[in-house]
$ cat entry-v4.cif   # mmCIF, C-alpha atoms
data_work
#
loop_
_atom_site.group_PDB
_atom_site.id
_atom_site.type_symbol
_atom_site.label_atom_id
_atom_site.label_comp_id
_atom_site.auth_asym_id
_atom_site.auth_seq_id
_atom_site.Cartn_x
_atom_site.Cartn_y
_atom_site.Cartn_z
ATOM 1 C CA MET Z 1 -47.650 50.793 15.640
ATOM 2 C CA GLY Z 2 -44.515 52.098 13.988
ATOM 3 C CA HIS Z 3 -42.476 50.574 16.736
ATOM 4 C CA ARG Z 4 -43.806 47.080 16.122
ATOM 5 C CA TYR Z 5 -43.102 47.305 12.401
ATOM 6 C CA GLY Z 6 -39.444 48.194 12.983
ATOM 7 C CA SER Z 7 -39.118 45.375 15.480
ATOM 8 C CA ARG Z 8 -40.637 42.906 13.060
ATOM 9 C CA ARG Z 9 -38.294 44.028 10.290
ATOM 10 C CA ALA Z 10 -35.230 43.727 12.571
ATOM 11 C CA ASN Z 11 -36.413 40.271 13.578
ATOM 12 C CA GLN Z 12 -36.742 39.187 9.914
ATOM 13 C CA THR Z 13 -33.295 40.615 9.108
ATOM 14 C CA GLY Z 14 -31.829 38.701 12.065
ATOM 15 C CA LYS Z 15 -33.458 35.470 10.900
ATOM 16 C CA LEU Z 16 -32.169 36.062 7.375
ATOM 17 C CA CYS Z 17 -28.616 36.600 8.649
ATOM 18 C CA ILE Z 18 -28.765 33.445 10.739
ATOM 19 C CA THR Z 19 -30.103 31.490 7.752
ATOM 20 C CA VAL Z 20 -27.314 32.774 5.508
ATOM 21 C CA ILE Z 21 -24.671 31.889 8.133
ATOM 22 C CA VAL Z 22 -26.119 28.397 8.635
ATOM 23 C CA LEU Z 23 -26.257 27.791 4.870
ATOM 24 C CA ALA Z 24 -22.663 28.997 4.485
ATOM 25 C CA MET Z 25 -21.530 26.641 7.263
ATOM 26 C CA ILE Z 26 -23.389 23.737 5.645
ATOM 27 C CA GLY Z 27 -21.739 24.541 2.311
ATOM 28 C CA VAL Z 28 -18.254 24.646 3.850
ATOM 29 C CA MET Z 29 -18.874 21.429 5.770
ATOM 30 C CA SER Z 30 -20.149 19.701 2.622
ATOM 31 C CA VAL Z 31 -16.970 20.631 0.743
ATOM 32 C CA GLN Z 32 -14.868 19.367 3.656
ATOM 33 C CA ILE Z 33 -16.791 16.067 3.762
ATOM 34 C CA VAL Z 34 -16.278 15.503 0.027
ATOM 35 C CA THR Z 35 -12.566 16.347 0.337
ATOM 36 C CA LEU Z 36 -12.120 13.979 3.274
ATOM 37 C CA TYR Z 37 -14.006 11.230 1.441
ATOM 38 C CA LYS Z 38 -11.669 11.559 -1.563
ATOM 39 C CA LYS Z 39 -8.601 11.476 0.696
ATOM 40 C CA ASP Z 40 -9.982 8.414 2.472
ATOM 41 C CA ARG Z 41 -10.389 6.598 -0.861
ATOM 42 C CA GLN Z 42 -6.805 7.523 -1.802
ATOM 43 C CA PHE Z 43 -5.514 6.209 1.525
ATOM 44 C CA ILE Z 44 -7.433 2.962 1.083
ATOM 45 C CA ALA Z 45 -5.911 2.479 -2.391
ATOM 46 C CA GLN Z 46 -2.444 3.316 -1.070
ATOM 47 C CA GLU Z 47 -2.900 0.892 1.830
ATOM 48 C CA ALA Z 48 -3.838 -1.902 -0.595
ATOM 49 C CA LEU Z 49 -0.754 -1.172 -2.722
ATOM 50 C CA LEU Z 50 1.526 -1.157 0.315
ATOM 51 C CA GLU Z 51 0.000 -4.407 1.568
ATOM 52 C CA LYS Z 52 0.709 -6.021 -1.826
ATOM 53 C CA GLN Z 53 4.301 -4.752 -1.730
ATOM 54 C CA LYS Z 54 4.673 -6.096 1.807
ATOM 55 C CA GLU Z 55 3.500 -9.552 0.698
ATOM 56 C CA GLU Z 56 5.940 -9.488 -2.237
ATOM 57 C CA GLU Z 57 8.815 -8.508 0.053
ATOM 58 C CA LEU Z 58 7.923 -11.248 2.539
ATOM 59 C CA ALA Z 59 7.945 -13.802 -0.303
ATOM 60 C CA ARG Z 60 11.299 -12.444 -1.500
ATOM 61 C CA LYS Z 61 12.667 -12.658 2.042
ATOM 62 C CA GLN Z 62 11.578 -16.297 2.229
ATOM 63 C CA GLU Z 63 13.293 -17.047 -1.093
ATOM 64 C CA ILE Z 64 16.518 -15.492 0.192
ATOM 65 C CA GLU Z 65 16.314 -17.474 3.420
ATOM 66 C CA ASP Z 66 15.693 -20.686 1.469
ATOM 67 C CA TYR Z 67 18.665 -19.949 -0.821
ATOM 68 C CA GLU Z 68 20.847 -19.193 2.183
ATOM 69 C CA ALA Z 69 19.932 -22.571 3.707
ATOM 70 C CA TYR Z 70 20.637 -24.255 0.335
ATOM 71 C CA THR Z 71 24.115 -22.677 0.108
ATOM 72 C CA LYS Z 72 25.013 -24.436 3.358
ATOM 73 C CA THR Z 73 24.220 -27.911 1.985
ATOM 74 C CA GLN Z 74 26.491 -30.525 0.452
ATOM 75 C CA GLU Z 75 24.313 -30.468 -2.680
ATOM 76 C CA TYR Z 76 25.146 -26.800 -3.271
ATOM 77 C CA ILE Z 77 28.863 -27.428 -2.849
ATOM 78 C CA GLU Z 78 28.696 -30.307 -5.364
ATOM 79 C CA ASP Z 79 26.671 -28.218 -7.850
ATOM 80 C CA ILE Z 80 29.209 -25.383 -7.719
ATOM 81 C CA ALA Z 81 32.155 -27.788 -7.982
ATOM 82 C CA LYS Z 82 30.608 -29.380 -11.077
ATOM 83 C CA SER Z 83 29.293 -26.286 -12.838
ATOM 84 C CA LYS Z 84 32.030 -23.766 -12.076
ATOM 85 C CA LEU Z 85 35.115 -25.934 -11.615
ATOM 86 C CA GLY Z 86 34.239 -28.942 -13.785
ATOM 87 C CA LEU Z 87 35.006 -31.376 -10.944
ATOM 88 C CA VAL Z 88 33.428 -34.843 -10.822
ATOM 89 C CA TYR Z 89 33.608 -37.901 -8.592
ATOM 90 C CA GLN Z 90 36.107 -40.597 -9.672
ATOM 91 C CA ASP Z 91 33.412 -43.122 -10.605
ATOM 92 C CA GLU Z 92 31.133 -40.530 -12.298
ATOM 93 C CA ILE Z 93 30.672 -40.550 -16.079
ATOM 94 C CA ILE Z 94 30.086 -37.228 -17.891
ATOM 95 C CA PHE Z 95 28.540 -36.983 -21.341
ATOM 96 C CA LYS Z 96 29.247 -33.819 -23.330
ATOM 97 C CA GLU Z 97 27.435 -32.568 -26.389
ATOM 98 C CA LYS Z 98 29.424 -31.905 -29.533
#
$ encode --input "entry-v4.cif" --output "structure tokens"
Amino acid sequence: MGHRYGSRRANQTGKLCITVIVLAMIGVMSVQIVTLYKKDRQFIAQEALLEKQKEEELARKQEIEDYEAYTKTQEYIEDIAKSKLGLVYQDEIIFKEK
């Protein structure tokens, strides 16, 4: 009978150790899940910010391309000649403010 009691006690101690190990693993995994969830939220926010910046840069690129096309037109040349050099066509009348 003494032999069975010792065996039962060793069995309970083994179960207790396994339970403690399993609970510790669950605790560690829970912390890791929470940490990964927070990082995921940060990455989602960063992705949204970068996407907004990308859209702004694409719009800026389009503006630059449009301005580049404009600088190659006769209208641009005339605007610069009038505004920077004060040139006008012979039959053009200019009114100046006093």
$ atom_distance --input "entry-v4.cif" --atom1 "CA of Glu68 in chain Z" --atom2 "CA of Lys52 in chain Z"
24.4 Å
$ atom_distance --input "entry-v4.cif" --atom1 "CA of Gln74 in chain Z" --atom2 "CA of Leu58 in chain Z"
26.8 Å
$ atom_distance --input "entry-v4.cif" --atom1 "CA of Gln90 in chain Z" --atom2 "CA of Glu78 in chain Z"
13.4 Å
